[in-house]
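*Asks:* Just so it is clear, I am handing over structure03.pdb, which has PDB, C-alpha atoms and all ligand atoms.
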```
ATOM      1  CA  MET A   1     181.280  25.228   2.558  1.00  0.00           C
ATOM      2  CA  HIS A   2     183.698  28.159   2.728  1.00  0.00           C
ATOM      3  CA  ILE A   3     181.730  31.356   2.165  1.00  0.00           C
ATOM      4  CA  VAL A   4     183.658  34.419   1.045  1.00  0.00           C
ATOM      5  CA  ALA A   5     181.475  37.520   1.351  1.00  0.00           C
ATOM      6  CA  ILE A   6     182.599  40.614  -0.544  1.00  0.00           C
ATOM      7  CA  ASP A   7     180.864  43.998  -0.290  1.00  0.00           C
ATOM      8  CA  GLY A   8     181.740  47.209  -2.027  1.00  0.00           C
ATOM      9  CA  PRO A   9     180.393  50.253  -3.850  1.00  0.00           C
ATOM     10  CA  ALA A  10     179.730  50.559  -7.597  1.00  0.00           C
ATOM     11  CA  GLY A  11     182.953  50.594  -9.594  1.00  0.00           C
ATOM     12  CA  SER A  12     185.135  49.103  -6.838  1.00  0.00           C
ATOM     13  CA  GLY A  13     185.885  46.201  -9.197  1.00  0.00           C
ATOM     14  CA  LYS A  14     184.181  43.705  -6.919  1.00  0.00           C
ATOM     15  CA  SER A  15     182.533  41.706  -9.726  1.00  0.00           C
ATOM     16  CA  SER A  16     185.632  41.120 -11.843  1.00  0.00           C
ATOM     17  CA  VAL A  17     187.842  40.633  -8.777  1.00  0.00           C
ATOM     18  CA  SER A  18     185.378  38.200  -7.156  1.00  0.00           C
ATOM     19  CA  LYS A  19     185.091  36.223 -10.383  1.00  0.00           C
ATOM     20  CA  ALA A  20     188.892  35.953 -10.688  1.00  0.00           C
ATOM     21  CA  VAL A  21     189.238  34.882  -7.040  1.00  0.00           C
ATOM     22  CA  ALA A  22     186.589  32.170  -7.530  1.00  0.00           C
ATOM     23  CA  ARG A  23     188.321  30.910 -10.670  1.00  0.00           C
ATOM     24  CA  LYS A  24     191.706  30.650  -8.932  1.00  0.00           C
ATOM     25  CA  LEU A  25     190.280  28.709  -5.988  1.00  0.00           C
ATOM     26  CA  ALA A  26     187.807  26.587  -8.050  1.00  0.00           C
ATOM     27  CA  PHE A  27     184.986  28.162  -6.015  1.00  0.00           C
ATOM     28  CA  GLY A  28     181.527  29.171  -7.207  1.00  0.00           C
ATOM     29  CA  TYR A  29     180.732  32.828  -7.833  1.00  0.00           C
ATOM     30  CA  LEU A  30     177.484  34.628  -7.037  1.00  0.00           C
ATOM     31  CA  ASP A  31     176.802  38.161  -8.260  1.00  0.00           C
ATOM     32  CA  THR A  32     173.870  39.231  -6.061  1.00  0.00           C
ATOM     33  CA  GLY A  33     173.438  42.598  -7.808  1.00  0.00           C
ATOM     34  CA  ALA A  34     172.397  40.716 -10.967  1.00  0.00           C
ATOM     35  CA  ALA A  35     169.137  39.670  -9.261  1.00  0.00           C
ATOM     36  CA  TYR A  36     168.235  43.308  -8.505  1.00  0.00           C
ATOM     37  CA  ARG A  37     169.112  44.201 -12.097  1.00  0.00           C
ATOM     38  CA  ALA A  38     167.100  41.274 -13.529  1.00  0.00           C
ATOM     39  CA  LEU A  39     164.070  42.300 -11.472  1.00  0.00           C
ATOM     40  CA  THR A  40     164.406  45.859 -12.792  1.00  0.00           C
ATOM     41  CA  TRP A  41     164.695  44.470 -16.340  1.00  0.00           C
ATOM     42  CA  LYS A  42     161.509  42.421 -15.848  1.00  0.00           C
ATOM     43  CA  LEU A  43     159.572  45.425 -14.524  1.00  0.00           C
ATOM     44  CA  LEU A  44     160.662  47.615 -17.434  1.00  0.00           C
ATOM     45  CA  SER A  45     159.939  44.966 -20.036  1.00  0.00           C
ATOM     46  CA  ASP A  46     156.429  44.335 -18.618  1.00  0.00           C
ATOM     47  CA  SER A  47     155.796  48.107 -18.200  1.00  0.00           C
ATOM     48  CA  LEU A  48     155.396  47.705 -14.439  1.00  0.00           C
ATOM     49  CA  ASN A  49     156.780  49.794 -11.603  1.00  0.00           C
ATOM     50  CA  ALA A  50     157.835  49.524  -7.956  1.00  0.00           C
ATOM     51  CA  ALA A  51     154.222  49.503  -6.743  1.00  0.00           C
ATOM     52  CA  ASP A  52     153.577  46.256  -8.656  1.00  0.00           C
ATOM     53  CA  VAL A  53     156.248  44.305  -6.768  1.00  0.00           C
ATOM     54  CA  ASP A  54     155.003  42.035  -4.020  1.00  0.00           C
ATOM     55  CA  LYS A  55     155.938  38.634  -2.605  1.00  0.00           C
ATOM     56  CA  ASP A  56     153.784  36.787  -5.138  1.00  0.00           C
ATOM     57  CA  PHE A  57     155.362  38.642  -8.077  1.00  0.00           C
ATOM     58  CA  LEU A  58     158.864  37.823  -6.827  1.00  0.00           C
ATOM     59  CA  GLU A  59     158.100  34.183  -6.074  1.00  0.00           C
ATOM     60  CA  THR A  60     156.031  33.284  -9.123  1.00  0.00           C
ATOM     61  CA  LYS A  61     156.528  35.812 -11.961  1.00  0.00           C
ATOM     62  CA  LEU A  62     160.218  36.628 -11.897  1.00  0.00           C
ATOM     63  CA  ASN A  63     161.624  33.155 -12.733  1.00  0.00           C
ATOM     64  CA  TYR A  64     165.186  34.240 -12.095  1.00  0.00           C
ATOM     65  CA  GLN A  65     168.145  31.986 -12.868  1.00  0.00           C
ATOM     66  CA  ILE A  66     171.858  32.696 -12.573  1.00  0.00           C
ATOM     67  CA  SER A  67     174.968  30.666 -13.290  1.00  0.00           C
ATOM     68  CA  LEU A  68     177.375  30.191 -10.374  1.00  0.00           C
ATOM     69  CA  ASP A  69     180.248  29.162 -12.659  1.00  0.00           C
ATOM     70  CA  PRO A  70     182.876  31.939 -12.900  1.00  0.00           C
ATOM     71  CA  ASP A  71     183.936  30.577 -16.316  1.00  0.00           C
ATOM     72  CA  ASN A  72     180.436  30.523 -17.763  1.00  0.00           C
ATOM     73  CA  TYR A  73     178.473  33.449 -16.393  1.00  0.00           C
ATOM     74  CA  TRP A  74     174.891  34.074 -17.524  1.00  0.00           C
ATOM     75  CA  VAL A  75     171.665  35.494 -16.146  1.00  0.00           C
ATOM     76  CA  LYS A  76     168.154  34.533 -17.288  1.00  0.00           C
ATOM     77  CA  VAL A  77     164.627  35.719 -16.619  1.00  0.00           C
ATOM     78  CA  GLY A  78     162.321  32.903 -17.715  1.00  0.00           C
ATOM     79  CA  GLN A  79     163.666  31.780 -21.095  1.00  0.00           C
ATOM     80  CA  THR A  80     165.309  35.144 -21.900  1.00  0.00           C
ATOM     81  CA  ASP A  81     169.066  35.551 -21.552  1.00  0.00           C
ATOM     82  CA  VAL A  82     169.508  39.000 -19.962  1.00  0.00           C
ATOM     83  CA  THR A  83     173.247  38.742 -19.158  1.00  0.00           C
ATOM     84  CA  TYR A  84     174.158  41.818 -21.179  1.00  0.00           C
ATOM     85  CA  GLU A  85     170.906  43.775 -21.148  1.00  0.00           C
ATOM     86  CA  ILE A  86     170.916  44.087 -17.348  1.00  0.00           C
ATOM     87  CA  ARG A  87     174.134  46.139 -17.629  1.00  0.00           C
ATOM     88  CA  GLU A  88     172.478  48.822 -19.748  1.00  0.00           C
ATOM     89  CA  THR A  89     172.232  52.406 -18.472  1.00  0.00           C
ATOM     90  CA  ARG A  90     168.403  52.259 -18.423  1.00  0.00           C
ATOM     91  CA  ILE A  91     168.664  49.485 -15.780  1.00  0.00           C
ATOM     92  CA  GLY A  92     171.417  51.241 -13.786  1.00  0.00           C
ATOM     93  CA  GLU A  93     169.224  54.323 -13.551  1.00  0.00           C
ATOM     94  CA  ARG A  94     166.300  52.482 -11.953  1.00  0.00           C
ATOM     95  CA  VAL A  95     167.846  49.638  -9.953  1.00  0.00           C
ATOM     96  CA  SER A  96     168.519  51.553  -6.694  1.00  0.00           C
ATOM     97  CA  GLU A  97     164.870  52.545  -6.401  1.00  0.00           C
ATOM     98  CA  ILE A  98     163.807  48.900  -6.738  1.00  0.00           C
ATOM     99  CA  ALA A  99     166.561  47.694  -4.377  1.00  0.00           C
ATOM    100  CA  GLN A 100     165.180  49.961  -1.643  1.00  0.00           C
ATOM    101  CA  LEU A 101     161.888  48.079  -1.353  1.00  0.00           C
ATOM    102  CA  PRO A 102     161.849  46.016   1.891  1.00  0.00           C
ATOM    103  CA  VAL A 103     159.928  43.162   0.201  1.00  0.00           C
ATOM    104  CA  VAL A 104     162.633  42.977  -2.467  1.00  0.00           C
ATOM    105  CA  ARG A 105     165.517  42.984   0.045  1.00  0.00           C
ATOM    106  CA  GLN A 106     163.837  40.264   2.077  1.00  0.00           C
ATOM    107  CA  TYR A 107     163.322  38.114  -1.013  1.00  0.00           C
ATOM    108  CA  MET A 108     166.917  38.652  -2.217  1.00  0.00           C
ATOM    109  CA  HIS A 109     168.216  37.620   1.201  1.00  0.00           C
ATOM    110  CA  TRP A 110     166.285  34.351   0.947  1.00  0.00           C
ATOM    111  CA  LEU A 111     167.294  33.856  -2.709  1.00  0.00           C
ATOM    112  CA  THR A 112     171.000  34.314  -1.947  1.00  0.00           C
ATOM    113  CA  HIS A 113     170.914  31.710   0.836  1.00  0.00           C
ATOM    114  CA  ASN A 114     168.959  29.341  -1.386  1.00  0.00           C
ATOM    115  CA  LEU A 115     171.428  29.638  -4.293  1.00  0.00           C
ATOM    116  CA  VAL A 116     174.522  29.374  -2.073  1.00  0.00           C
ATOM    117  CA  GLU A 117     173.311  26.460   0.007  1.00  0.00           C
ATOM    118  CA  GLY A 118     172.154  24.494  -3.040  1.00  0.00           C
ATOM    119  CA  SER A 119     175.285  25.201  -5.073  1.00  0.00           C
ATOM    120  CA  GLY A 120     177.299  22.103  -4.159  1.00  0.00           C
ATOM    121  CA  PHE A 121     180.657  23.933  -4.305  1.00  0.00           C
ATOM    122  CA  ALA A 122     183.394  23.522  -1.667  1.00  0.00           C
ATOM    123  CA  GLY A 123     183.482  27.298  -1.489  1.00  0.00           C
ATOM    124  CA  ILE A 124     181.717  30.265  -3.019  1.00  0.00           C
ATOM    125  CA  VAL A 125     182.463  33.956  -3.449  1.00  0.00           C
ATOM    126  CA  VAL A 126     179.293  35.995  -2.868  1.00  0.00           C
ATOM    127  CA  GLU A 127     179.443  39.664  -3.770  1.00  0.00           C
ATOM    128  CA  GLY A 128     177.020  42.545  -3.289  1.00  0.00           C
ATOM    129  CA  ARG A 129     176.271  45.560  -1.101  1.00  0.00           C
ATOM    130  CA  ASP A 130     175.045  43.987   2.110  1.00  0.00           C
ATOM    131  CA  ILE A 131     176.571  40.516   2.030  1.00  0.00           C
ATOM    132  CA  THR A 132     179.061  40.876   4.916  1.00  0.00           C
ATOM    133  CA  THR A 133     176.620  42.726   7.160  1.00  0.00           C
ATOM    134  CA  VAL A 134     173.095  41.485   6.468  1.00  0.00           C
ATOM    135  CA  VAL A 135     173.032  38.398   4.240  1.00  0.00           C
ATOM    136  CA  TYR A 136     176.092  36.422   5.434  1.00  0.00           C
ATOM    137  CA  PRO A 137     177.435  37.913   8.692  1.00  0.00           C
ATOM    138  CA  GLU A 138     178.439  34.323   9.565  1.00  0.00           C
ATOM    139  CA  ALA A 139     180.722  33.926   6.492  1.00  0.00           C
ATOM    140  CA  GLN A 140     184.248  32.648   7.272  1.00  0.00           C
ATOM    141  CA  THR A 141     185.781  35.418   5.157  1.00  0.00           C
ATOM    142  CA  LYS A 142     184.311  38.925   5.006  1.00  0.00           C
ATOM    143  CA  ILE A 143     185.859  41.656   2.901  1.00  0.00           C
ATOM    144  CA  LEU A 144     184.942  45.223   2.042  1.00  0.00           C
ATOM    145  CA  LEU A 145     186.559  46.103  -1.283  1.00  0.00           C
ATOM    146  CA  THR A 146     186.799  49.839  -1.845  1.00  0.00           C
ATOM    147  CA  ALA A 147     188.648  52.350  -3.966  1.00  0.00           C
ATOM    148  CA  SER A 148     188.605  56.134  -3.857  1.00  0.00           C
ATOM    149  CA  GLU A 149     185.714  57.763  -5.718  1.00  0.00           C
ATOM    150  CA  GLU A 150     188.140  59.223  -8.254  1.00  0.00           C
ATOM    151  CA  VAL A 151     189.621  55.789  -9.050  1.00  0.00           C
ATOM    152  CA  ARG A 152     186.192  54.138  -9.252  1.00  0.00           C
ATOM    153  CA  LEU A 153     184.914  56.734 -11.699  1.00  0.00           C
ATOM    154  CA  ARG A 154     188.056  56.428 -13.807  1.00  0.00           C
ATOM    155  CA  ARG A 155     187.832  52.623 -13.972  1.00  0.00           C
ATOM    156  CA  ARG A 156     184.173  52.679 -14.911  1.00  0.00           C
ATOM    157  CA  SER A 157     184.520  55.344 -17.601  1.00  0.00           C
ATOM    158  CA  ALA A 158     187.470  53.441 -19.074  1.00  0.00           C
ATOM    159  CA  GLU A 159     185.224  50.378 -19.374  1.00  0.00           C
ATOM    160  CA  LEU A 160     182.286  52.132 -21.000  1.00  0.00           C
ATOM    161  CA  PRO A 161     182.036  54.625 -23.846  1.00  0.00           C
ATOM    162  CA  GLU A 162     179.419  56.764 -22.092  1.00  0.00           C
ATOM    163  CA  GLY A 163     182.150  58.307 -19.893  1.00  0.00           C
ATOM    164  CA  ILE A 164     180.806  61.196 -17.910  1.00  0.00           C
ATOM    165  CA  SER A 165     177.163  60.098 -17.744  1.00  0.00           C
ATOM    166  CA  ILE A 166     178.361  56.838 -16.194  1.00  0.00           C
ATOM    167  CA  ALA A 167     180.379  58.825 -13.649  1.00  0.00           C
ATOM    168  CA  GLU A 168     177.296  60.794 -12.659  1.00  0.00           C
ATOM    169  CA  GLN A 169     175.234  57.621 -12.518  1.00  0.00           C
ATOM    170  CA  ILE A 170     177.712  55.891 -10.184  1.00  0.00           C
ATOM    171  CA  THR A 171     177.882  58.811  -7.766  1.00  0.00           C
ATOM    172  CA  LYS A 172     174.092  59.044  -7.686  1.00  0.00           C
ATOM    173  CA  ARG A 173     173.701  55.283  -7.271  1.00  0.00           C
ATOM    174  CA  ASP A 174     176.181  55.170  -4.368  1.00  0.00           C
ATOM    175  CA  GLN A 175     174.253  57.939  -2.631  1.00  0.00           C
ATOM    176  CA  ASN A 176     170.950  56.113  -3.145  1.00  0.00           C
ATOM    177  CA  ASP A 177     172.292  52.702  -2.161  1.00  0.00           C
ATOM    178  CA  ALA A 178     173.906  54.161   0.969  1.00  0.00           C
ATOM    179  CA  LYS A 179     170.425  55.043   2.253  1.00  0.00           C
ATOM    180  CA  VAL A 180     169.688  51.344   2.799  1.00  0.00           C
ATOM    181  CA  VAL A 181     173.104  49.774   3.432  1.00  0.00           C
ATOM    182  CA  ASP A 182     176.282  51.303   4.834  1.00  0.00           C
ATOM    183  CA  PHE A 183     178.735  49.691   2.463  1.00  0.00           C
ATOM    184  CA  LEU A 184     181.519  52.262   2.749  1.00  0.00           C
ATOM    185  CA  SER A 185     182.879  51.461   6.200  1.00  0.00           C
ATOM    186  CA  PRO A 186     183.715  47.914   7.335  1.00  0.00           C
ATOM    187  CA  ALA A 187     181.570  46.331  10.066  1.00  0.00           C
ATOM    188  CA  PRO A 188     183.345  44.445  12.905  1.00  0.00           C
ATOM    189  CA  GLY A 189     185.047  41.303  11.554  1.00  0.00           C
ATOM    190  CA  VAL A 190     185.141  42.665   8.005  1.00  0.00           C
ATOM    191  CA  GLU A 191     188.575  43.243   6.445  1.00  0.00           C
ATOM    192  CA  LEU A 192     189.066  46.363   4.366  1.00  0.00           C
ATOM    193  CA  VAL A 193     190.870  46.042   1.027  1.00  0.00           C
ATOM    194  CA  ASP A 194     191.457  49.421  -0.592  1.00  0.00           C
ATOM    195  CA  SER A 195     192.359  48.878  -4.240  1.00  0.00           C
ATOM    196  CA  SER A 196     193.004  52.565  -5.072  1.00  0.00           C
ATOM    197  CA  GLU A 197     196.737  51.888  -5.354  1.00  0.00           C
ATOM    198  CA  LEU A 198     196.571  48.236  -6.438  1.00  0.00           C
ATOM    199  CA  ASP A 199     196.311  46.817  -9.947  1.00  0.00           C
ATOM    200  CA  PHE A 200     193.872  44.012 -10.749  1.00  0.00           C
ATOM    201  CA  ASP A 201     196.209  41.051 -10.066  1.00  0.00           C
ATOM    202  CA  SER A 202     197.451  42.524  -6.772  1.00  0.00           C
ATOM    203  CA  THR A 203     193.856  43.051  -5.631  1.00  0.00           C
ATOM    204  CA  VAL A 204     192.996  39.412  -6.407  1.00  0.00           C
ATOM    205  CA  GLU A 205     196.155  38.299  -4.568  1.00  0.00           C
ATOM    206  CA  ALA A 206     195.353  40.451  -1.502  1.00  0.00           C
ATOM    207  CA  ILE A 207     191.942  38.775  -1.251  1.00  0.00           C
ATOM    208  CA  ILE A 208     193.341  35.265  -1.687  1.00  0.00           C
ATOM    209  CA  VAL A 209     195.805  35.932   1.170  1.00  0.00           C
ATOM    210  CA  ILE A 210     192.879  36.860   3.443  1.00  0.00           C
ATOM    211  CA  ILE A 211     190.908  33.761   2.375  1.00  0.00           C
ATOM    212  CA  GLU A 212     193.877  31.468   3.116  1.00  0.00           C
ATOM    213  CA  ARG A 213     194.244  33.094   6.542  1.00  0.00           C
ATOM    214  CA  THR A 214     190.552  32.633   7.381  1.00  0.00           C
ATOM    215  CA  LYS A 215     190.247  29.021   6.161  1.00  0.00           C
TER     216      LYS A 215
HETATM  217  O1  LIG A 301     176.573  45.479  -7.995  1.00  0.00           O
HETATM  218  P1  LIG A 301     175.584  46.042  -9.002  1.00  0.00           P
HETATM  219  O2  LIG A 301     175.949  47.391  -9.516  1.00  0.00           O
HETATM  220  O3  LIG A 301     175.269  45.086 -10.106  1.00  0.00           O
HETATM  221  O4  LIG A 301     174.228  46.211  -8.148  1.00  0.00           O
HETATM  222  C1  LIG A 301     173.039  46.680  -8.722  1.00  0.00           C
HETATM  223  C2  LIG A 301     172.171  47.373  -7.680  1.00  0.00           C
HETATM  224  O5  LIG A 301     171.619  46.426  -6.774  1.00  0.00           O
HETATM  225  C3  LIG A 301     172.856  48.438  -6.855  1.00  0.00           C
HETATM  226  O6  LIG A 301     172.310  49.701  -7.130  1.00  0.00           O
HETATM  227  C4  LIG A 301     172.602  48.094  -5.407  1.00  0.00           C
HETATM  228  C5  LIG A 301     171.749  46.876  -5.426  1.00  0.00           C
HETATM  229  N1  LIG A 301     172.292  45.777  -4.621  1.00  0.00           N
HETATM  230  C6  LIG A 301     171.923  45.699  -3.299  1.00  0.00           C
HETATM  231  O7  LIG A 301     171.202  46.591  -2.810  1.00  0.00           O
HETATM  232  N2  LIG A 301     172.354  44.652  -2.547  1.00  0.00           N
HETATM  233  C7  LIG A 301     173.145  43.692  -3.082  1.00  0.00           C
HETATM  234  N3  LIG A 301     173.549  42.640  -2.340  1.00  0.00           N
HETATM  235  C8  LIG A 301     173.556  43.780  -4.427  1.00  0.00           C
HETATM  236  C9  LIG A 301     173.114  44.857  -5.165  1.00  0.00           C
END
```
Do you think you could lay out the structure here as structure tokens?
Ligand code: DC
*Replies:*
Amino acid sequence: MHIVAIDGPAGSGKSSVSKAVARKLAFGYLDTGAAYRALTWKLLSDSLNAADVDKDFLETKLNYQISLDPDNYWVKVGQTDVTYEIRETRIGERVSEIAQLPVVRQYMHWLTHNLVEGSGFAGIVVEGRDITTVVYPEAQTKILLTASEEVRLRRRSAELPEGISIAEQITKRDQNDAKVVDFLSPAPGVELVDSSELDFDSTVEAIIVIIERTK
């Protein structure tokens, strides 16, 4: 299986770009951040907090499911479809704190391997914060997708009506996330794609060129 690992900060466009790349190549697509968001959703909906998360909770209570089809993307916790709810501001505000727990990171590492290796695709695009460095350092293709902070904030506030509060949230989240994973500078063997000056289609194309070269 050809594994394409893509890391990048919030607002770099990695989710929409990764999804488009997967679609073009008929690969699977795995959004690893969705699992951290779904866990945060579960904790909030059960009125629990970080101290309640342990291995047993993650393995038996979370019941996380995610689609790997870039044309039919959904996320579920148990029977509940949380695809849209996990994008809400209330989740974005809490997710970094949950993502910093070592027990959570260890579980997510295992979960990602489990989903990828059981996916049955010829190739899969896996995106997140630590995929090229921690989760899949052995991936055939490793890319760090970045954009300047100014561009990232502009893209995000164009997508969402909340504007400035989203900008503040992204900056804060990057600072928090950076405490656990250095996702702003490429590790050895990781190719940097800076999309500050590229439009969406050119960014997708730049990544496909790298994938073809690393096949
Ligand atoms: O990509 P995203 O915004 O949906 O990610 C949500 C949060 O999960 C983000 O604050 C960082 C964390 N995350 C992580 O620590 N490692 C990953 N592989 C993916 C996401």
*Asks:* What is the distance between atom CA of A:Asn72 and atom CA of A:Thr203, in Å to one decimal?
*Replies:*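 Interatomic distance here is 22.0 Å.
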*Asks:* Using all atoms listed in the file, find each protein or nucleic acid residue lying at most 9 Å from ligand LIG 301 (chain A); present the set as a ChimeraX atom specification.
*Replies:* /A:7-11,14-15,31-37,86-87,91-100,105,108-109,112,126-131,134-135,170,173-174,176-178,180-181
*Asks:* Go through A:Thr133, A:Thr83, A:Asn63, A:Ser45 one by one, measure the shortest atom-to-atom distance of each to A:Val190 using only C-alpha atoms, and give the residue with the smallest value.
*Replies:*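 Between A:Thr133, A:Thr83, A:Asn63, A:Ser45, the residue approaching A:Val190 most closely is A:Thr133.
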*Asks:* Measure the distance from atom CA of A:Met1 to atom CA of A:Ser195 in Å and round it to one decimal.
*Replies:*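 We find that atom CA of A:Met1 and atom CA of A:Ser195 lie 27.0 Å from each other.
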*Asks:* So that I can see what lies close to A:Glu149, please list as a list of chain:residue names the residues with an atom at most 9 Å from it, counting all atoms listed in the file and leaving out residues fewer than 2 positions away in the same chain.
*Replies:* A:Gly11, A:Ser12, A:Thr146, A:Ala147, A:Val151, A:Arg152, A:Leu153, A:Arg154, A:Thr171, A:Ser196
*Asks:* With only C-alpha atoms as the atoms that count, which of A:Leu101, A:Ala187, A:Val17, A:Leu58 lies nearest to A:Leu145?
*Replies:*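 Closest to A:Leu145 of all the choices is A:Val17.
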*Asks:* Would you please work out which residue, of A:Glu138, A:Tyr84, A:Val193, A:Val77, is nearest to A:Ala206 when using all atoms listed in the file?
*Replies:* A:Val193
*Asks:* Please write as a PyMOL selection string the list of polymer residues whose atoms come within 12 Å of (196.1, 41.8, -5.0), counting only C-alpha atoms and keeping to the coordinates of the file.
*Replies:* chain A and resi 13+17-18+20-21+145+193-210
*Asks:* Quick one: pull the distance between atom CA of A:Gln106 and atom CA of A:Trp41, Å, one decimal.
*Replies:* 18.9 Å
*Asks:* Written as a VMD selection string, what is the full residue list that the PyMOL selection byres (((chain A and resi 142) around 9) and not hetatm) yields on the file shown?
*Replies:* chain A and resid 3 to 7 131 to 133 136 to 141 143 to 144 189 to 192 210 to 211
*Asks:* I'd like the neighbourhood of A:Asp69 as a VMD selection string, where a residue qualifies if any of its atoms comes within 9 Å (using all atoms listed in the file), though same-chain residues fewer than 5 positions away should be ignored.
*Replies:* chain A and resid 19 22 to 23 27 to 30 74
*Asks:* Which neighbours of A:Glu59 fall inside 12 Å, counting all atoms listed in the file, when residues of the same chain fewer than 5 positions from it are skipped, and could you give them as a list of chain:residue names?
*Replies:* A:Leu39, A:Val53, A:Asp54, A:Tyr64, A:Val103, A:Val104, A:Gln106, A:Tyr107, A:Met108, A:Trp110, A:Leu111
*Asks:* Enclose all atoms of stretch 32-41 of chain A listed in the file in an axis-aligned box, grow every side by 4 Å, and hand back centre and edge lengths in Å to one decimal, as lines of an AutoDock Vina configuration file.
*Replies:*
```
center_x = 169.0
center_y = 42.5
center_z = -11.2
size_x = 17.8
size_y = 14.6
size_z = 18.3
```
